Every structure is written in structure tokens, then in C-alpha cells.
Number of protein chains: 4
Amino acid sequence: MTRIAFIGLGTMGLPMAHNVLRAGYDLTVYDIMPDPVERLAADGARAAGSPREAAEGCDVVITMLPTSREVEAAVLEEDGVYAGLAPGSVHIEMSTIEPSATRRFAASAEQRGIRVMDAPVGKSSAAAAAGDLTIMVGGPAELLEEHRALLSTMGSTIHHCGEVGAGEVVKLVNNLVTGGICVVVAEAIVLGTKAGADPNILVDVMGGTLAGNAQLESLFRASVFKGAFEPGFKTRLMLKDARLGVGMADELNVPVPVCALVKELYGTAVQRGLGDRDFGSYTTLVEEVAGVQARVGEARSQTATVG
Amino acid sequence: MTRIAFIGLGTMGLPMAHNVLRAGYDLTVYDIMPDPVERLAADGARAAGSPREAAEGCDVVITMLPTSREVEAAVLEEDGVYAGLAPGSVHIEMSTIEPSATRRFAASAEQRGIRVMDAPVGKSSAAAAAGDLTIMVGGPAELLEEHRALLSTMGSTIHHCGEVGAGEVVKLVNNLVTGGICVVVAEAIVLGTKAGADPNILVDVMGGTLAGNAQLESLFRASVFKGAFEPGFKTRLMLKDARLGVGMADELNVPVPVCALVKELYGTAVQRGLGDRDFGSYTTLVEEVAGVQARVGEARSQTATVG
Amino acid sequence: MTRIAFIGLGTMGLPMAHNVLRAGYDLTVYDIMPDPVERLAADGARAAGSPREAAEGCDVVITMLPTSREVEAAVLEEDGVYAGLAPGSVHIEMSTIEPSATRRFAASAEQRGIRVMDAPVGKSSAAAAAGDLTIMVGGPAELLEEHRALLSTMGSTIHHCGEVGAGEVVKLVNNLVTGGICVVVAEAIVLGTKAGADPNILVDVMGGTLAGNAQLESLFRASVFKGAFEPGFKTRLMLKDARLGVGMADELNVPVPVCALVKELYGTAVQRGLGDRDFGSYTTLVEEVAGVQARVGEARSQTATVG
Amino acid sequence: MTRIAFIGLGTMGLPMAHNVLRAGYDLTVYDIMPDPVERLAADGARAAGSPREAAEGCDVVITMLPTSREVEAAVLEEDGVYAGLAPGSVHIEMSTIEPSATRRFAASAEQRGIRVMDAPVGKSSAAAAAGDLTIMVGGPAELLEEHRALLSTMGSTIHHCGEVGAGEVVKLVNNLVTGGICVVVAEAIVLGTKAGADPNILVDVMGGTLAGNAQLESLFRASVFKGAFEPGFKTRLMLKDARLGVGMADELNVPVPVCALVKELYGTAVQRGLGDRDFGSYTTLVEEVAGVQARVGEARSQTATVG
């Protein structure tokens with residue numbers, strides 16, 4: 001039976017590790033916080049005292065950590081994963097980090113005969129609990145096939161995106177677009193509302209044109225127009241990904257003026273207290289400044305008409 | 001039989017007037033240029049010497065002009081439409097202009113007993129020729145119903161958006177979103193390509209997330225990735241609409257930082273010679289600066305990888 | 001003795017007209033509001049019932065109005081200035097309006113033999129009261145010399161900027177730069193403060209480099225660092241001028257991404273209640289979002305250090 | 001006699017080290033490139049085989065390296081400076097790097113009893129050769145006084161900015177402002193020129209208002225208006241510093257929308273081939289897009305007037 005180690009048991013990592021365990025894998029876990037380790041141990045996982053100890057004797061190590069700094073510590077340090085893994089074993093990097101960092105770690109692993117794929121995930125912690133994540137994989141196709149069953153315990157959609165690092169690239173591009181569309185739609189719909197248009201009609205019309213996008217129904221009509229901002233995808237995570245995306249653009253010398261501005265706007269949103277709400281709550285900042293709310297099913301606070 | 005006058009026979013107006021004529025309406029036309037007038041006269045329309053002369057005796061006058069300055073001249077001046085129209089007759093304003101101007105003209109018309117609706121159109125001149133436009137109507141619902149048959153000769157999708165001016169508002173909001181999404185996607189996809197991702201895979205993945213939007217398939221995959229930029233919707237028209245949209249935001253005191261930046265970027269595109277190409281050609285500016293092309297089905301000019 | 005008419009007695013116009021009157025000119029005044037007219041009449045000015053009546057028999061008409069819409073009404077309508085002025089007389093346009101509007105009115109005036117110069121002013125209403133304005137003149141040099149004495153009753157610095165309209169151009173360019181520098185300095189100094197630097201030291205160092213600018217001492221050290229925001233130059237007037245400046249850029253097809261963004265930021269400031277405070281108060285928005293204040297001579301609210 | 005080691009002999013480091021040597025200090029040097037090492041050795045410096053070897057026996061080690069990655073390698077690795085320096089000796093960090101990195105290295109040094117100050121420099125390589133740099137120092141005041149004579153061999157203006165890291169903070173703030181002002185002035189002056197104003201008059205007028213800044217005379221009138229772009233301060237260094245400045249803002253959660261946009265614009269300039277020209281050459285991009293040049297003393301390529 002495949003022996004798995006899971007390093008990083010936060011909001012996303014904990015439910016993902018649970019799903020791996022429930023699927024019957026032999027699981028060792030590690031986190032700097034004792035609480036999630038104990039919860040998984042209670043369900044049958046082994047607790048390790050260090051990333052290295054967790055990795056020893058395993059076929060596959062999964063890391064799911066906040067930033068490349070934590071990944072670097074977990075894999076490269078003396079007590080780290082790569083010191084414990086045998087040649088031929090596998091590191092699946094599921095954290096969302098710089099593609100360049102992913103590739104740097106992979107190069108280091110390959111020198112020791114460790115095989116690497118990156119597999120960052122999309123969607124929320126609810127999807128993590130339901131095993132319903134979207135997983136974007138970079139690495140050799142055959143390595144993905146070898147471990148597709150394992151990934152399938154965590155996610156329902158798996159994309160093979162290219163070589164090592166390509167999973168991270170695709171995730172960051174995806175989230176730059178997601179974040180940018182939300183800000184554009186928020187500005188435009190609040191403007192239209194203040195100009196006297198009905199938000200529902202705006203969504204109806206845009207749905208049939210080149211303005212059409214997935215957020216109109218599932219974010220704006222379903223949540224924003226009702227003032228409902230339970231995450232979903234938190235604003236502070238959107239900010240984190242926007243920073244990674246613009247950082248990648250800096251590294252590669254691709255000027256991205258609109259994405260760079262969007263990053264600052266999510267930064268404003270977090271500083272104004274929206275960090276733990278859904279990123280669609282950015283709309284409330286536009287509304288606050290405009291003095292009008294794009295709401296349906298209740299009286300709007302104030303509607304002006306042009307001219 | 002309903003007698004119609006059509007003022008403004010440009011790229012959009014000429015094919016629209018042709019469709020009205022073909023549907024059997026009694027049509028009088030006016031334009032400052034003789035050529036399109038002669039073409040319609042050859043097909044059976046009456047040519048008028050002024051907007052006023054065109055309007056006299058008509059039930060409905062349609063205007064389709066470049067800016068509110070031309071509309072103002074055509075309807076309010078001594079020789080204008082409102083001087084020729086009888087009380088009870090109708091002005092359908094199909095130009096894309098400021099909602100506040102639409103409402104100002106409508107107020108003036110109503111003082112003379114003339115009924116007004118605005119009905120700006122979406123899509124291209126090809127759609128105008130095919131009678132396949134999207135029409136966004138502002139004005140009393142019963143006025144729209146009265147003239148739905150007439151509008152249906154020009155467009156296949158008709159949205160009732162609210163009171164007079166609401167058609168213009170919805171169109172401008174729609175095009176702000178369209179223009180903004182295109183720039184965001186262009187930045188992100190060119191970045192992803194330079195980071196080593198395949199543009200087709202980027203589109204595949206985004207299609208299933210909150211980054212999903214109508215331009216991924218119908219603009220990027222169908223045209224941009226092939227370097228095909230026949231309009232479609234011309235960059236200079238996108239710029240015109242972005243200016244109207246941001247101008248409306250100025251009038252209503254709604255700050256729209258991203259839309260304002262996007263407007264400047266389309267301004268750059270027009271100044272760099274892309275005015276008469278499809279607005280998706282904005283992507284080529286991003287590519288030029290990035291030093292990489294998001295192309296499929298042919299070798300890409302240069303691909304760097306991160307790190 | 002030169003007979004002067006003054007149209008537009010608002011915050012700036014009233015003290016300017018007073019200075020003209022005090023200098024001994026024969027003055028007729030007009031405003032739609034009765035109060036300032038009565039105040040000037042009490043000091044010896046003649047009150048007119050319309051712009052036309054004010055202009056009749058005058059050698060020079062000065063207009064000082066909020067926007068080109070009011071100027072258009074005041075000079076071109078039936079009861080307007082140009083209907084009352086004799087050939088050979090002079091219109092001095094001191095309002096801050098679009099250069100293109102200035103030129104349009106001038107063309108209309110010249111057809112009637114009226115000579116025109118534009119002479120918008122810089123500085124505050126306090127400077128207007130003190131006769132200490134900066135005046136930027138567009139028009140023939142000899143026309144300026146003819147009326148230099150008159151202008152000198154209102155301003156202490158007079159620049160000849162070029163042909164008709166050039167005064168407006170120079171003023172708008174000047175205020176785009178003023179507004180842009182303030183936002184850049186606000187962002188950078190608040191950032192530096194949060195990074196642990198002393199705002200006074202930041203100003204000291206920048207004063208000797210290419211970052212040096214007139215606002216460091218006279219706006220930031222003198223006012224912003226003390227939280228003192230009595231205008232000076234009101235944020236809503238900065239917004240008005242930024243809109244005119246970006247509008248001119250639109251007309252001339254000059255993309256100005258940074259100025260366009262700065263315009264939106266002043267729009268945000270006005271919507272957040274800073275319209276009637278000095279434009280330097282924009283800094284408080286940056287401070288609010290950053291969670292730190294760039295203050296000296298009192299405890300700062302919160303200072304974080306990097307890393 | 002004080003023994004000095006100098007690590008990093010690039011465009012700036014080489015002339016700085018020369019000045020230290022010329023002032024009579026006992027100097028050991030190290031660089032990964034042999035050429036500059038040989039040049040200094042020919043003038044009497046000792047060549048070391050590693051940063052550690054360079055540091056051994058020295059009182060003061062100066063580092064002048066491109067990024068924090070090189071500094072980290074030079075000071076923290078096994079063969080690095082800190083392994084060679086005795087307790088009580090001094091590290092002067094003159095590289096321009098993240099303030100947070102500076103503080104991290106300083107913490108590491110202090111654990112070994114090494115004292116640290118950061119002292120990044122302003123101005124060009126010409127100023128480095130002339131010993132005329134501006135030096136911004138962070139660290140204990142008494143440490144600065146102890147080594148003021150040494151710093152004075154390299155720079156003519158020395159600012160004490162605060163604790164360790166404050167030199168870097170002040171430098172980055174200074175350059176964010178410098179970079180931002182240049183872009184704002186470039187946009188506004190090119191716009192004014194296209195609107196028919198004389199660039200010289202724009203500079204004259206702005207010089208006396210709150211738009212006044214050090215670049216009007218010494219950058220725009222002296223160089224830009226003549227099309228002269230020999231650096232000065234290279235565009236690619238401006239881009240580097242803008243990235244560090246916005247990176248610091250990210251770390252500290254200070255949204256800086258205008259600075260972030262300015263960073264992207266310098267990125268565009270570098271990608272369009274201006275990296276090794278003076279940063280004032282950004283103006284040529286604005287001119288190119290506007291279709292007009294702000295030049296004096298020669299015919300301008302094209303001037304349009306408004307309206």
C-alpha cells in the first residue's frame with residue numbers, strides 16, 4: 001500500500017489530509033501546530049516530529065503550506081523532507097507559491113533522485129472538505145497518471161498543465177483573471193445602478209454578450225446583490241495570489257498595468273477589513289464611495305439618474 | 001402603413017436602414033453624405049434635404065449618428081427633426097451617446113408631444129447587415145411593444161432596460177465590462193505564455209472556474225491565438241464607448257479606477273495603429289512589450305520560463 | 001476711463017471684481033445670485049439684469065464662471081455678452097474651462113469683431129482677495145499689454161502662454177502635475193512612515209534630490225504633517241481640473257494613464273467627504289488604509305517596521 | 001590604520017572602492033568577476049578569494065551588490081563575510097535591497113557581535129567616480145560618526161535616517177517619488193505640447209507653483225527637451241527600485257496604486273529598449289504614442305491644437 005506523508009494541515013491541508021486518510025492510504029502527518037495533528041492522529045494517522053521524520057519510508061510526500069518560505073524550510077532544511085525521502089519517491093507540491101520557487105525546489109529534489117510535480121488547487125475549503133477541488137498539475141504526464149487516484153481523493157477536476165511549475169503558472173493566471181473581472185464588473189455594475197439601471201437587467205443583458213462571465217450569476221446575482229459575503233474565496237487569499245501573479249510578471253518582465261492596479265485595490269479591501277470575507281465583497285467598497293448599492297429584492301439606499 | 005425616417009447612414013445606419021426598407025416600410029432617409037442616400041434611393045427610399053424635411057409627415061424618426069453633437073444638431077436645430085415631427089409621433093434614438101444627453105433631448109421632445117425611446121445597439125456591422133443586432137431599449141414598455149416589429153427588422157435580441165436613457169446606460173456598462181475583461185485576459189494569458197504555459201490549456205482551465213468568460217473561446221481561441229483581427233468590434237469604437245462610460249462615471253461621481261486605466265490603454269492601442277482592427281488586437285501590444293506571442297497552431301516567437 | 005463688466009461673482013469672482021472696483025475702474029456686474037451683486041453695488045458697482053445688459057457700452061467684459069456650459073450661456077445666448085459688445089471691445093475669459101471651448105467661443109467672438117484672451121488663474125480665494133493670483137494668458141501679446149494694468153489689479157504674476165486657449169492649456173497641465181505629485185508623495189511618505197522612517201527626514205532628504213518638489217515644504221511639512229487641511233486649493237477643484245485635463249487628453253488622443261488614475265483617486269476623496277478640504281487631505285485616505293499617520297510633533301497612531 | 005574590505009565591484013562599486021583606496025585605506029577587494037579585482041589590485045588593493053577571506057582581519061566590510069540574493073550569499077554562506085569578521089567589527093551594507101532583508105542580515109550579524117549599518121547611495125556612477133554620492137544611513141548615530149570619514153571618501157552628502165534599515169527605506173521612498181514625478185510630468189508636458197503650448201513656457205510657469213519640482217530644469221529642460229538621454233540614472237535601475245518600493249508596500253500592506261502603475265510603465269520602457277538610457281527617456285514613449293515631441297531649439301515633429 002502507498003505510504004503518504006502530508007505536511008501542512010491548515011484551512012485547506014487538514015480536510016485534504018482527511019480525505020486521503022479516509023480513502024485508506026497509510027498516512028503520516030506533520031504541522032507546527034499540534035491541534036490538527038492530533039485530530040488526524042485520532043482518526044488513524046501517524047504523527048511525525050519533523051518533515052524529515054514524516055518523509056522517511058514514504059512513497060509520496062504532499063506539502064500544503066502558506067508561502068515558499070515555509071516550503072523551503074520544510075523541504076530543504078536539515079530536518080526537511082528531501083533529507084528523509086528515498087530516491088524514486090515523489091514530492092507533490094500543492095501549496096500556491098511562485099512557479100520559480102517550485103522549479104528551484106524541483107531542481108534540488110531531482111539531484112537526489114526525487115520526482116516532483118506541482119499540483120496547486122482551486123476553489124474553497126468547503127470544496128476541500130468535499131473532495132471537490134480543482135487541481136492544476138505540472139510535471140511528467142506519467143507521474144500524474146501514477147498518482148491520479150491519490151489526487152482524486154482530494155479533487156474532482158484534474159488538469160495536466162505542462163511541465164513542473166506549470167500548475168502554479170496556470171493557477172496564478174486563472175486567479176489574476178478572476179480577480180480582475182470581479183473589480184471590473186463591480187465598478188461597472190455599481191455605476192450602472194447609480195445611473196438608474198436595474199442590476200438584474202445588467203446581468204441579463206451582459207450574459208448574452210462578450211461581457212458575459214461566470215461571476216455574473218454565481219457571484220454577483222447569487223451573493224453580491226444580496227449583500228452575502230461568506231467566503232467562498234477570501235479577499236486576503238485573492239490578494240496573496242494577485243501578489244504572486246504580479247511578482248511572476250516582474251520576474252518575467254511582462255508589464256501588467258491593470259493586474260498591478262487590481263492588486264492594490266484588493267490590498268485596500270483587506271486593509272479596510274474585508275480580508276476574511278468573500279472577494280466579491282470588494283464591490284462594497286465601490287458602493288460605499290459611489291453612495292449607492294447594487295441590491296435586488298430590497299430597497300436600494302440611493303439612486304441617482306444621469307443629467 | 002407606418003412612415004419611417006432614418007437619419008444617419010454610416011457603417012451601422014446604412015445596413016439598418018436597408019433592413020427597414022426591405023421589410024416594406026415607407027422610408028425617407030437623410031445623411032450629410034450623398035452616397036448612402038443615393039444607394040437607398042435606388043432601392044426605393046425617399047431622399048430628404050434636411051432632418052426636418054425627412055421627419056415631416058413621419059410616424060417614427062430613427063437617428064443613428066456618431067456623437068451627441070451630431071444628434072443635437074439633427075434634432076434640436078431649426079432644420080431639425082423636432083421641428084418637423086407632429087405631436088404623437090416617435091423618435092427612436094439608436095446612436096450610442098451619453099445617457100444624460102439622451103435624457104436632455106427626450107425632455108425637449110416631450111415638451112412638443114413627441115414620444116422618445118433610446119435603443120442603442122450591440123454587435124458589429126455584419127450583424128447590422130444580417131438584422132441580427134442586440135438592441136437595448138429605454139422608454140415606456142408600451143412604446144417598445146408598439147414598435148417591436150420595426151426594431152425586429154434590425155435586431156434579433158431586444159432588451160427592455162428601463163426608462164428613457166436606460167438603454168444607453170446598459171450599453172455603456174456592458175462595453176466597460178467587455179473592454180475591461182479583454183485587457184485583463186490579454187495581460188494574464190500573455191504572462192502565462194511567457195511563463196511556459198500553453199494558451200489552449202489556460203483557456204481550458206479558466207473555462208471551468210470563476211475566471212470563465214465569453215471571450216475565452218469566441219475572441220481569444222477563435223481569433224487572438226491565430227493573430228486574426230478583422231473586426232468584429234473595432235478598437236476605436238471600444239475607445240469611444242470607454243470614454244462615454246468613464247464620462248458617465250465622472251458625471252455621477254462614481255470613481256472607476258480600473259475602467260479609467262483601461263480607457264487609456266485602448267487610447268494607446270488606437271494611437272499605435274490598431275483603431276480599425278478588432279479590439280482583441282489590444283493583446284498584440286501586450287505581446288510586443290512582453291516579447292512573446294500567445295499563439296497556437298504555429299511556433300511561438302519566444303518562450304521564456306520562470307526562474 | 002475703461003468700462004469693465006464682470007460676469008460671475010462666486011468664490012473667486014467676487015473678490016476679483018472687488019479688486020477691479022477698488023482700482024477705480026467703472027464696473028458693471030452680473031450674477032444669477034442677487035447677494036454678491038448687491039455687495040458690489042453697495043461699493044459702487046452698477047448691477048445689470050443680464051450678461052448682455054452688462055456688456056453694453058463696455059470696453060472689456062470679464063467672465064469667471066464654473067464650467068463651459070455657463071460660459072456658453074453667458075456669451076452666446078440671445079441675452080448674452082456677445083450680443084451686447086461692440087466691435088473692437090474685448091472679452092477676457094478667466095474661467096477654467098476646456099481649451100477647445102475657449103477657442104470655440106473666441107472664433108464666435110472674432111466673427112463679430114470682438115477680441116478675446118483667456119486668462120485663467122492659479123492659487124486660492126485668499127490670493128484672489130489679496131490681488132495675488134497667478135494669471136495664465138492666451139491671446140495676442142499686444143492685447144495682454146493693453147490690459148496688463150487691469151489684470152494686475154487681480155494678480156501679481158502674469159504669464160503670457162501663447163495664442164488664445166494657451167492660458168487654459170498651461171493651467172490644466174500645471175494642475176495635472178500638481179495633483180499627480182501630491183498623490184505620489186502621499187503614497188510614498190505614508191509608506192515610508194509605516195516602514196519606520198521619520199516624515200521630517202523623508203522631506204529633508206528628498207529636498208536635495210530629483211524627488212524634490214514644491215509641495216514637500218509648503219504642503220506636506222507645513223500642513224499635512226500637522227493634520228491641517230484648511231484650503232488652500234479645494235479637493236473638489238482639483239478634481240474638476242483633473243477632469244478637464246484628462247478630457248483634453250481624450251480630445252487630443254494623448255493617453256495619460258497615471259493622470260487618469262489620479263483623477264479617479266481625487267474622485268474617491270471627494271466622495272469620502274474631502275471635497276471642501278485642501279487637496280493635500282488626500283493623504284488622509286492613504287493613511288486611513290495604511291493604518292498609520294505621517295505626523296510630526298505628536299505621537300503617531302501606529303508604526304510598524306518592515307520584516 | 002582601518003582595514004577595509006569591499007565586496008561587489010560593479011558599475012557603482014568599482015569607483016567607490018577606488019575612492020576608498022585613494023584616501024589611503026588598507027583595502028581588500030572581492031568580486032566574482034576577475035577584471036575589476038585586477039584593476040584595483042594594480043592600484044594597490046589586496047585581492048581575496050572569497051567574501052570570508054576578504055573579511056578576515058578587517059575592521060569594516062562594505063557590500064555593494066545587485067540584489068538581496070547576492071548579499072545573502074556574500075554574508076551568510078559558509079564562505080561569507082560573517083564567518084570571517086571578528087566580533088566588534090562592522091558591516092556597512094551599501095547595496096539597494098529590501099529594508100526587511102537588511103534587517104534580517106543585521107539580526108544575524110548582531111548575534112555574532114558584528115555591528116551593522118545600511119548606507120545605500122543616490123545619484124549616478126559619475127557621482128560615484130567623483131566621490132559625490134548622496135548616502136542614506138540607517139543605524140546607530142555613533143556608528144555613523146565613527147565611520148563618517150570613510151563614507152565621506154565616497155559621498156558628499158550623508159543623511160542619518162534612523163535605525164538599521166532606515167537608509168534603505170528613505171532611498172526607496174525617494175526613488176518612488178522621483179519615478180512618479182517623472183511619469184506625471186512626461187504625460188502632462190507632452191499633452192500640453194500637443195495642445196499647442198511651448199514646453200519652455202510650461203516649465204517656466206510650473207516652476208513658480210505647487211507643480212514645481214527639481215526635474216523641470218535639471219531633467220526636462222536640460223535633457224528631455226533636447227532628446228538627450230545619456231544616463232544619469234538608468235531606466236532599468238529606476239525599475240529595480242520601483243519594484244523594491246512596491247514590494248516594501250506589499251510587505252507592509254500599504255496600497256500604493258499610483259506607484260504600482262508607475263512601476264509597470266517603467267517595465268514597459270525597459271522592454272521597449274530604454275533600460276540603459278536615462279529614466280527621463282520614458283518621455284519618449286509618451287511622445288511616440290501621442291504623435292508629438294516636446295522639443296525646443298528645433299522644429300517639433302507635429303503639433304495639433306485642441307478643438
# chains A, B, ... in the order shown; residues from 1 in each chain; ligands from 1
>>> closest_atom_pairs(of="chain C", to="chain B", cutoff="12 Å", atoms="only C-alpha atoms", output="tab-separated table")
residue	atom	partner	partner_atom	distance
C:Arg236	CA	B:Asn253	CA	11.1
C:Leu239	CA	B:Asp250	CA	9.8
C:Lys240	CA	B:Asp250	CA	9.7
C:Ala242	CA	B:Asp250	CA	10.8
C:Arg243	CA	B:Asp250	CA	7.9
C:Leu244	CA	B:Asp250	CA	10.8
C:Val246	CA	B:Glu264	CA	9.9
C:Gly247	CA	B:Gly247	CA	8.9
C:Ala249	CA	B:Glu264	CA	9.6
C:Asp250	CA	B:Arg243	CA	7.9
C:Glu251	CA	B:Arg243	CA	10.2
C:Leu252	CA	B:Gly267	CA	10.4
C:Asn253	CA	B:Gly267	CA	6.7
C:Val254	CA	B:Gly267	CA	7.4
C:Pro255	CA	B:Glu264	CA	5.1
C:Val256	CA	B:Glu264	CA	6.4
C:Pro257	CA	B:Glu264	CA	5.5
C:Val258	CA	B:Leu261	CA	8.0
C:Cys259	CA	B:Leu261	CA	9.4
C:Ala260	CA	B:Ala260	CA	6.2
C:Leu261	CA	B:Pro257	CA	5.7
C:Val262	CA	B:Pro257	CA	8.5
C:Lys263	CA	B:Pro257	CA	8.5
C:Glu264	CA	B:Pro255	CA	5.1
C:Leu265	CA	B:Pro255	CA	7.2
C:Tyr266	CA	B:Pro255	CA	8.6
C:Gly267	CA	B:Pro255	CA	5.7
C:Thr268	CA	B:Pro255	CA	5.8
C:Ala269	CA	B:Pro255	CA	9.4
C:Val270	CA	B:Asn253	CA	8.6
C:Gln271	CA	B:Asn253	CA	7.2
C:Arg272	CA	B:Pro255	CA	10.9
C:Gly275	CA	B:Asn253	CA	11.8
>>> residues_around(residues="Ala126 of chain B", least_positions_apart="6", cutoff="9 Å", atoms="only C-alpha atoms", output="list in words")
Met12, Pro15, Asp132, Leu133 and Gly232 of chain B
>>> select_by_dssp(residues="segment 57-115 of chain C", states="strand (DSSP E)", output="PyMOL selection string")
chain C and resi 60-63+90-93+115
>>> write_last_selection(atoms="N, CA, C and O atoms", output="PDB file, in the first residue's frame")
ATOM      1  N   VAL C  60     -14.420  96.224 -21.907  1.00  0.00           N
ATOM      2  CA  VAL C  60     -13.919  94.888 -21.574  1.00  0.00           C
ATOM      3  C   VAL C  60     -14.954  94.138 -20.756  1.00  0.00           C
ATOM      4  O   VAL C  60     -15.493  94.684 -19.786  1.00  0.00           O
ATOM      5  N   VAL C  61     -15.226  92.884 -21.142  1.00  0.00           N
ATOM      6  CA  VAL C  61     -16.067  92.018 -20.308  1.00  0.00           C
ATOM      7  C   VAL C  61     -15.214  90.861 -19.798  1.00  0.00           C
ATOM      8  O   VAL C  61     -14.540  90.191 -20.585  1.00  0.00           O
ATOM      9  N   ILE C  62     -15.252  90.684 -18.496  1.00  0.00           N
ATOM     10  CA  ILE C  62     -14.566  89.551 -17.869  1.00  0.00           C
ATOM     11  C   ILE C  62     -15.604  88.509 -17.476  1.00  0.00           C
ATOM     12  O   ILE C  62     -16.633  88.850 -16.882  1.00  0.00           O
ATOM     13  N   THR C  63     -15.351  87.239 -17.811  1.00  0.00           N
ATOM     14  CA  THR C  63     -16.231  86.169 -17.331  1.00  0.00           C
ATOM     15  C   THR C  63     -15.440  85.255 -16.395  1.00  0.00           C
ATOM     16  O   THR C  63     -14.277  84.936 -16.644  1.00  0.00           O
ATOM     17  N   VAL C  90     -13.411  93.938 -25.908  1.00  0.00           N
ATOM     18  CA  VAL C  90     -12.594  92.776 -25.520  1.00  0.00           C
ATOM     19  C   VAL C  90     -13.322  91.868 -24.529  1.00  0.00           C
ATOM     20  O   VAL C  90     -13.997  92.358 -23.612  1.00  0.00           O
ATOM     21  N   HIS C  91     -13.189  90.558 -24.747  1.00  0.00           N
ATOM     22  CA  HIS C  91     -13.684  89.574 -23.784  1.00  0.00           C
ATOM     23  C   HIS C  91     -12.483  88.873 -23.154  1.00  0.00           C
ATOM     24  O   HIS C  91     -11.690  88.246 -23.854  1.00  0.00           O
ATOM     25  N   ILE C  92     -12.360  88.987 -21.831  1.00  0.00           N
ATOM     26  CA  ILE C  92     -11.307  88.251 -21.109  1.00  0.00           C
ATOM     27  C   ILE C  92     -11.970  87.102 -20.355  1.00  0.00           C
ATOM     28  O   ILE C  92     -12.730  87.300 -19.414  1.00  0.00           O
ATOM     29  N   GLU C  93     -11.649  85.899 -20.815  1.00  0.00           N
ATOM     30  CA  GLU C  93     -12.247  84.681 -20.254  1.00  0.00           C
ATOM     31  C   GLU C  93     -11.352  84.179 -19.132  1.00  0.00           C
ATOM     32  O   GLU C  93     -10.280  83.642 -19.399  1.00  0.00           O
ATOM     33  N   ARG C 115     -12.446  91.072 -29.635  1.00  0.00           N
ATOM     34  CA  ARG C 115     -11.138  90.464 -29.384  1.00  0.00           C
ATOM     35  C   ARG C 115     -11.180  89.647 -28.088  1.00  0.00           C
ATOM     36  O   ARG C 115     -11.848  90.023 -27.136  1.00  0.00           O
TER      37      ARG C 115
END
>>> atom_distance(atom1="atom CA of Gly13 of chain A", atom2="atom CA of Met64 of chain A")
5.8 Å
>>> atom_distance(atom1="atom CA of Arg277 of chain C", atom2="atom CA of Val292 of chain A")
23.2 Å
>>> residues_around(residues="Ile201 of chain B", least_positions_apart="4", cutoff="10 Å", atoms="only C-alpha atoms", output="VMD selection string")
(chain A and resid 159 to 162 170) or (chain B and resid 197 205 to 207)
>>> atom_distance(atom1="atom CA of Gln111 of chain B", atom2="atom CA of Val164 of chain B")
14.8 Å
>>> residues_around(residues="Tyr30 of chain D", least_positions_apart="6", cutoff="9 Å", atoms="only C-alpha atoms", output="CSV table (one decimal) with all heavy atoms, in the first residue's frame")
chain,number,residue,atom,x,y,z
D,5,ALA,N,37.3,45.9,3.8
D,5,ALA,CA,37.1,45.0,2.7
D,5,ALA,C,35.9,45.6,1.9
D,5,ALA,O,34.9,46.0,2.4
D,5,ALA,CB,36.8,43.6,3.2
D,6,PHE,N,36.0,45.4,0.5
D,6,PHE,CA,35.0,45.9,-0.3
D,6,PHE,C,34.5,44.7,-1.2
D,6,PHE,O,35.3,44.2,-2.0
D,6,PHE,CB,35.5,47.1,-1.2
D,6,PHE,CG,34.4,48.0,-1.7
D,6,PHE,CD1,34.3,49.3,-1.2
D,6,PHE,CD2,33.4,47.6,-2.6
D,6,PHE,CE1,33.3,50.1,-1.6
D,6,PHE,CE2,32.4,48.4,-3.0
D,6,PHE,CZ,32.3,49.7,-2.5
D,7,ILE,N,33.2,44.3,-1.1
D,7,ILE,CA,32.7,43.2,-1.8
D,7,ILE,C,31.7,43.7,-2.8
D,7,ILE,O,30.7,44.3,-2.5
D,7,ILE,CB,31.9,42.2,-0.9
D,7,ILE,CG1,32.7,42.0,0.4
D,7,ILE,CG2,31.5,40.9,-1.6
D,7,ILE,CD1,33.8,41.0,0.3
D,8,GLY,N,31.9,43.5,-4.1
D,8,GLY,CA,31.0,43.9,-5.2
D,8,GLY,C,31.5,45.1,-5.9
D,8,GLY,O,31.4,46.2,-5.5
D,9,LEU,N,32.1,44.9,-7.1
D,9,LEU,CA,32.9,45.9,-7.8
D,9,LEU,C,32.2,46.2,-9.1
D,9,LEU,O,32.9,46.1,-10.2
D,9,LEU,CB,34.4,45.5,-7.9
D,9,LEU,CG,35.0,45.1,-6.6
D,9,LEU,CD1,36.4,44.5,-6.8
D,9,LEU,CD2,35.2,46.4,-5.7
D,36,PRO,N,37.6,43.7,-12.5
D,36,PRO,CA,37.6,44.8,-11.6
D,36,PRO,C,38.6,44.6,-10.4
D,36,PRO,O,39.2,45.5,-9.9
D,36,PRO,CB,36.2,45.1,-11.1
D,36,PRO,CG,35.5,43.8,-11.4
D,36,PRO,CD,36.2,43.2,-12.6
D,37,VAL,N,38.6,43.3,-10.0
D,37,VAL,CA,39.6,43.0,-9.0
D,37,VAL,C,41.0,43.3,-9.4
D,37,VAL,O,41.8,43.9,-8.6
D,37,VAL,CB,39.4,41.5,-8.6
D,37,VAL,CG1,40.5,41.1,-7.6
D,37,VAL,CG2,38.0,41.2,-8.0
D,46,ARG,N,44.4,44.5,-2.1
D,46,ARG,CA,44.7,43.1,-2.0
D,46,ARG,C,43.5,42.4,-2.6
D,46,ARG,O,42.3,42.8,-2.4
D,46,ARG,CB,44.8,42.7,-0.5
D,46,ARG,CG,46.0,41.9,-0.1
D,46,ARG,CD,46.0,41.5,1.4
D,46,ARG,NE,45.3,42.5,2.2
D,46,ARG,CZ,46.0,43.4,2.8
D,46,ARG,NH1,47.3,43.6,2.6
D,46,ARG,NH2,45.3,44.3,3.6
D,47,ALA,N,43.7,41.3,-3.3
D,47,ALA,CA,42.6,40.5,-3.9
D,47,ALA,C,42.3,39.3,-3.0
D,47,ALA,O,43.3,38.6,-2.6
D,47,ALA,CB,42.9,40.1,-5.3
D,48,ALA,N,41.0,39.1,-2.7
D,48,ALA,CA,40.7,38.0,-1.8
D,48,ALA,C,40.0,36.9,-2.7
D,48,ALA,O,39.4,37.2,-3.7
D,48,ALA,CB,39.8,38.4,-0.7
D,49,GLY,N,40.0,35.7,-2.2
D,49,GLY,CA,39.4,34.6,-3.0
D,49,GLY,C,38.0,34.3,-2.6
D,49,GLY,O,37.3,33.5,-3.3
D,50,SER,N,37.5,34.9,-1.5
D,50,SER,CA,36.1,34.7,-1.1
D,50,SER,C,35.7,35.9,-0.2
D,50,SER,O,36.6,36.6,0.3
D,50,SER,CB,35.9,33.4,-0.4
D,50,SER,OG,36.5,33.5,0.9
D,51,PRO,N,34.4,36.1,0.0
D,51,PRO,CA,34.0,37.1,0.9
D,51,PRO,C,34.6,36.9,2.3
D,51,PRO,O,35.0,37.8,2.9
D,51,PRO,CB,32.5,37.0,0.9
D,51,PRO,CG,32.1,36.4,-0.4
D,51,PRO,CD,33.3,35.5,-0.8
D,53,GLU,N,37.3,35.3,3.1
D,53,GLU,CA,38.8,35.7,3.1
D,53,GLU,C,39.0,37.2,3.1
D,53,GLU,O,39.8,37.7,3.8
D,53,GLU,CB,39.4,35.0,1.9
D,53,GLU,CG,40.9,35.1,1.9
D,53,GLU,CD,41.5,34.7,0.6
D,53,GLU,OE1,41.1,33.6,0.0
D,53,GLU,OE2,42.4,35.4,0.1
D,54,ALA,N,38.1,37.9,2.3
D,54,ALA,CA,38.2,39.4,2.3
D,54,ALA,C,37.9,39.9,3.7
D,54,ALA,O,38.6,40.9,4.1
D,54,ALA,CB,37.2,39.9,1.3
>>> residues_around(residues="Arg221 of chain B", least_positions_apart="6", cutoff="10 Å", atoms="only C-alpha atoms", output="JSON, numbers by chain")
{"B": [199, 200, 203, 204, 215, 227, 294, 295, 296]}
